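The file data.pdb comes next; it holds PDB, C-alpha atoms.
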MODEL        1
ATOM      1  CA  MET A 221      10.837  -7.387  -9.466  1.00  0.00           C
ATOM      2  CA  VAL A 222      11.939  -6.389  -5.972  1.00  0.00           C
ATOM      3  CA  LEU A 223      13.844  -9.027  -4.040  1.00  0.00           C
ATOM      4  CA  ILE A 224      12.964  -9.948  -0.471  1.00  0.00           C
ATOM      5  CA  LYS A 225      16.394  -8.932   0.769  1.00  0.00           C
ATOM      6  CA  GLU A 226      15.967  -5.465  -0.789  1.00  0.00           C
ATOM      7  CA  ILE A 227      12.596  -4.953   0.903  1.00  0.00           C
ATOM      8  CA  VAL A 228      14.054  -6.137   4.205  1.00  0.00           C
ATOM      9  CA  GLN A 229      17.093  -3.863   3.901  1.00  0.00           C
ATOM     10  CA  GLU A 230      14.858  -0.852   3.346  1.00  0.00           C
ATOM     11  CA  ALA A 231      12.651  -1.761   6.321  1.00  0.00           C
ATOM     12  CA  LEU A 232      15.697  -2.225   8.553  1.00  0.00           C
ATOM     13  CA  THR A 233      17.185   1.066   7.384  1.00  0.00           C
ATOM     14  CA  ILE A 234      14.075   3.158   8.024  1.00  0.00           C
ATOM     15  CA  GLY A 235      12.698   1.042  10.884  1.00  0.00           C
ATOM     16  CA  TYR A 236       9.309   0.748   9.230  1.00  0.00           C
ATOM     17  CA  LEU A 237       7.516  -1.805   7.068  1.00  0.00           C
ATOM     18  CA  SER A 238       4.721  -0.366   4.949  1.00  0.00           C
ATOM     19  CA  VAL A 239       1.623  -2.292   3.910  1.00  0.00           C
ATOM     20  CA  VAL A 240       2.835  -2.136   0.293  1.00  0.00           C
ATOM     21  CA  ALA A 241       6.219  -3.615   1.239  1.00  0.00           C
ATOM     22  CA  GLU A 242       4.510  -6.268   3.346  1.00  0.00           C
ATOM     23  CA  ASP A 243       2.323  -7.233   0.373  1.00  0.00           C
ATOM     24  CA  GLN A 244       5.429  -7.437  -1.830  1.00  0.00           C
ATOM     25  CA  LEU A 245       7.056  -9.750   0.733  1.00  0.00           C
ATOM     26  CA  ARG A 246       3.994 -12.006   0.800  1.00  0.00           C
ATOM     27  CA  SER A 247       3.981 -12.156  -2.976  1.00  0.00           C
ATOM     28  CA  GLN A 248       7.694 -13.001  -3.149  1.00  0.00           C
ATOM     29  CA  LEU A 249       7.397 -15.641  -0.421  1.00  0.00           C
ATOM     30  CA  GLN A 250       4.664 -17.359  -2.423  1.00  0.00           C
ATOM     31  CA  SER A 251       6.862 -17.509  -5.516  1.00  0.00           C
ATOM     32  CA  SER A 252      10.527 -18.416  -5.743  1.00  0.00           C
ATOM     33  CA  TYR A 253      13.188 -17.132  -3.382  1.00  0.00           C
ATOM     34  CA  ASP A 254      16.672 -18.211  -2.344  1.00  0.00           C
ATOM     35  CA  SER A 255      18.312 -18.909   1.018  1.00  0.00           C
ATOM     36  CA  GLU A 256      19.596 -15.319   1.264  1.00  0.00           C
ATOM     37  CA  ASP A 257      16.032 -14.053   0.909  1.00  0.00           C
ATOM     38  CA  LEU A 258      14.881 -16.479   3.603  1.00  0.00           C
ATOM     39  CA  ASP A 259      17.690 -15.335   5.901  1.00  0.00           C
ATOM     40  CA  ALA A 260      16.709 -11.700   5.282  1.00  0.00           C
ATOM     41  CA  TRP A 261      13.073 -12.481   6.070  1.00  0.00           C
ATOM     42  CA  ILE A 262      14.112 -14.120   9.361  1.00  0.00           C
ATOM     43  CA  VAL A 263      16.199 -11.066  10.256  1.00  0.00           C
ATOM     44  CA  LEU A 264      13.177  -8.871   9.546  1.00  0.00           C
ATOM     45  CA  GLN A 265      10.931 -11.042  11.745  1.00  0.00           C
ATOM     46  CA  ARG A 266      13.453 -10.748  14.582  1.00  0.00           C
ATOM     47  CA  ALA A 267      13.634  -6.973  14.126  1.00  0.00           C
ATOM     48  CA  ILE A 268       9.835  -6.727  14.212  1.00  0.00           C
ATOM     49  CA  ALA A 269       9.669  -8.920  17.323  1.00  0.00           C
ATOM     50  CA  ALA A 270      12.336  -6.778  19.001  1.00  0.00           C
ATOM     51  CA  GLY A 271      10.463  -3.601  18.101  1.00  0.00           C
ATOM     52  CA  ASP A 272      13.253  -2.293  15.866  1.00  0.00           C
ATOM     53  CA  VAL A 273      10.921  -2.297  12.848  1.00  0.00           C
ATOM     54  CA  LYS A 274       7.327  -1.128  13.090  1.00  0.00           C
ATOM     55  CA  GLN A 275       4.633  -2.501  10.804  1.00  0.00           C
ATOM     56  CA  GLU A 276       2.140  -0.108   9.270  1.00  0.00           C
ATOM     57  CA  SER A 277      -0.461  -2.881   9.218  1.00  0.00           C
ATOM     58  CA  ARG A 278      -0.125  -3.331  12.989  1.00  0.00           C
ATOM     59  CA  ARG A 279      -0.466   0.312  14.031  1.00  0.00           C
ATOM     60  CA  LYS A 280      -2.989   0.807  16.773  1.00  0.00           C
ATOM     61  CA  LYS A 281      -5.185   3.869  17.119  1.00  0.00           C
ATOM     62  CA  ALA A 282      -5.515   3.729  20.911  1.00  0.00           C
ATOM     63  CA  SER A 283      -2.904   2.993  23.531  1.00  0.00           C
ATOM     64  CA  PRO A 284      -2.853  -0.664  24.478  1.00  0.00           C
ATOM     65  CA  SER A 285      -4.207  -1.835  27.817  1.00  0.00           C
ATOM     66  CA  PRO A 286      -1.957  -3.788  30.220  1.00  0.00           C
ATOM     67  CA  LYS A 287      -3.566  -7.039  29.035  1.00  0.00           C
ATOM     68  CA  ALA A 288      -2.900  -6.041  25.429  1.00  0.00           C
ATOM     69  CA  LYS A 289       0.753  -5.400  26.323  1.00  0.00           C
ATOM     70  CA  ASP A 290       1.030  -8.933  27.715  1.00  0.00           C
ATOM     71  CA  THR A 291      -0.559 -10.275  24.536  1.00  0.00           C
ATOM     72  CA  SER A 292       1.823  -8.158  22.481  1.00  0.00           C
ATOM     73  CA  SER A 293       4.801  -9.635  24.349  1.00  0.00           C
ATOM     74  CA  SER A 294       3.479 -13.133  23.720  1.00  0.00           C
ATOM     75  CA  ILE A 295       3.006 -12.402  20.035  1.00  0.00           C
ATOM     76  CA  LYS A 296       6.538 -11.010  19.789  1.00  0.00           C
ATOM     77  CA  LEU A 297       7.895 -14.125  21.456  1.00  0.00           C
ATOM     78  CA  ALA A 298       5.866 -16.303  19.089  1.00  0.00           C
ATOM     79  CA  TYR A 299       7.271 -14.407  16.086  1.00  0.00           C
ATOM     80  CA  GLN A 300      10.781 -14.834  17.405  1.00  0.00           C
ATOM     81  CA  MET A 301      10.270 -18.550  17.988  1.00  0.00           C
ATOM     82  CA  ALA A 302       8.758 -18.953  14.509  1.00  0.00           C
ATOM     83  CA  ALA A 303      11.739 -17.158  12.995  1.00  0.00           C
ATOM     84  CA  GLU A 304      14.152 -19.401  14.899  1.00  0.00           C
ATOM     85  CA  LEU A 305      12.291 -22.518  13.758  1.00  0.00           C
ATOM     86  CA  ALA A 306      12.258 -21.317  10.153  1.00  0.00           C
ATOM     87  CA  TYR A 307      15.990 -20.657  10.351  1.00  0.00           C
ATOM     88  CA  ALA A 308      16.672 -24.097  11.847  1.00  0.00           C
ATOM     89  CA  ALA A 309      14.550 -25.723   9.132  1.00  0.00           C
ATOM     90  CA  ALA A 310      16.383 -23.787   6.417  1.00  0.00           C
ATOM     91  CA  VAL A 311      19.748 -24.887   7.812  1.00  0.00           C
ATOM     92  CA  ALA A 312      18.606 -28.492   8.104  1.00  0.00           C
ATOM     93  CA  LEU A 313      17.287 -28.513   4.550  1.00  0.00           C
ATOM     94  CA  THR A 314      20.543 -27.165   3.131  1.00  0.00           C
ATOM     95  CA  MET A 315      22.762 -29.684   4.941  1.00  0.00           C
ATOM     96  CA  THR A 316      24.348 -32.399   2.863  1.00  0.00           C
ATOM     97  CA  LYS A 317      23.244 -35.978   3.378  1.00  0.00           C
ATOM     98  CA  ASN A 318      25.282 -38.156   5.700  1.00  0.00           C
ATOM     99  CA  THR A 319      27.971 -40.203   3.976  1.00  0.00           C
ATOM    100  CA  LYS A 320      29.922 -43.202   5.235  1.00  0.00           C
ATOM    101  CA  ASP A 321      32.793 -40.869   6.182  1.00  0.00           C
ATOM    102  CA  GLN A 322      30.582 -38.824   8.500  1.00  0.00           C
ATOM    103  CA  PRO A 323      29.377 -40.358  11.750  1.00  0.00           C
ATOM    104  CA  SER A 324      25.720 -39.955  12.549  1.00  0.00           C
ATOM    105  CA  LEU A 325      23.788 -40.181  15.774  1.00  0.00           C
ATOM    106  CA  GLY A 326      22.510 -43.662  16.512  1.00  0.00           C
ATOM    107  CA  ALA A 327      24.791 -45.359  14.004  1.00  0.00           C
TER     108      ALA A 327
ENDMDL
END

Re-express the file's structure as structure tokens.
Amino acid sequence: MVLIKEIVQEALTIGYLSVVAEDQLRSQLQSSYDSEDLDAWIVLQRAIAAGDVKQESRRKKASPSPKAKDTSSSIKLAYQMAAELAYAAAVALTMTKNTKDQPSLGA
């Protein structure tokens, strides 16, 4: 079984995410994975949004129109925001619960 972080490392190294690798990621994300895998997936999403990694499944045959470029920018921003939210959620979920020794907001 290929781990998410291994798939991500390969995609980052070659700058390309194949349809097969993307399917493997989907499969792994639907089963069990650890926080390192989640971190790797977030890094990959950021790299895709930044244009550092190209997705085979997103290749276009024709050159995009100016409106399509605006849409593409919006989609990239949405991916980046989703990655940031996923990261924040992962951090929040791994934080320890507040104890009496730790002050909390509103207490």

Write out as JSON, numbers by chain the residues lying within 12 Å of A:Ser255, counting only C-alpha atoms and excluding same-chain residues fewer than 6 positions away.
-> {"A": [223, 224, 225, 249, 261, 262, 306, 307, 309, 310, 311, 312, 313, 314]}

Could you write those residues out with C-alpha atoms, as an mmCIF file, keeping the file's coordinate frame?
data_model
loop_
_atom_site.group_PDB
_atom_site.id
_atom_site.type_symbol
_atom_site.label_atom_id
_atom_site.label_comp_id
_atom_site.auth_asym_id
_atom_site.auth_seq_id
_atom_site.Cartn_x
_atom_site.Cartn_y
_atom_site.Cartn_z
ATOM 1 C CA LEU A 223 13.844 -9.027 -4.040
ATOM 2 C CA ILE A 224 12.964 -9.948 -0.471
ATOM 3 C CA LYS A 225 16.394 -8.932 0.769
ATOM 4 C CA LEU A 249 7.397 -15.641 -0.421
ATOM 5 C CA TRP A 261 13.073 -12.481 6.070
ATOM 6 C CA ILE A 262 14.112 -14.120 9.361
ATOM 7 C CA ALA A 306 12.258 -21.317 10.153
ATOM 8 C CA TYR A 307 15.990 -20.657 10.351
ATOM 9 C CA ALA A 309 14.550 -25.723 9.132
ATOM 10 C CA ALA A 310 16.383 -23.787 6.417
ATOM 11 C CA VAL A 311 19.748 -24.887 7.812
ATOM 12 C CA ALA A 312 18.606 -28.492 8.104
ATOM 13 C CA LEU A 313 17.287 -28.513 4.550
ATOM 14 C CA THR A 314 20.543 -27.165 3.131
#

Please write the residues picked by the PyMOL selection byres ((chain A and resi 270) around 10) on this file as a PyMOL selection string.
-> chain A and resi 264-269+271-274+293+296-297+299-300

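The residue that comes closest to A:Gly235, out of A:Ile295, A:Gln275, A:Asp259, A:Met301 and on the basis of all atoms listed in the file, is A:Gln275.
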
I need the residue set behind the PyMOL selection byres ((chain A and resi 226) around 12) for this file; please write it as JSON, numbers by chain.
-> {"A": [221, 222, 223, 224, 225, 227, 228, 229, 230, 231, 232, 233, 241, 244, 245, 248, 256, 257, 258, 260, 261, 264]}
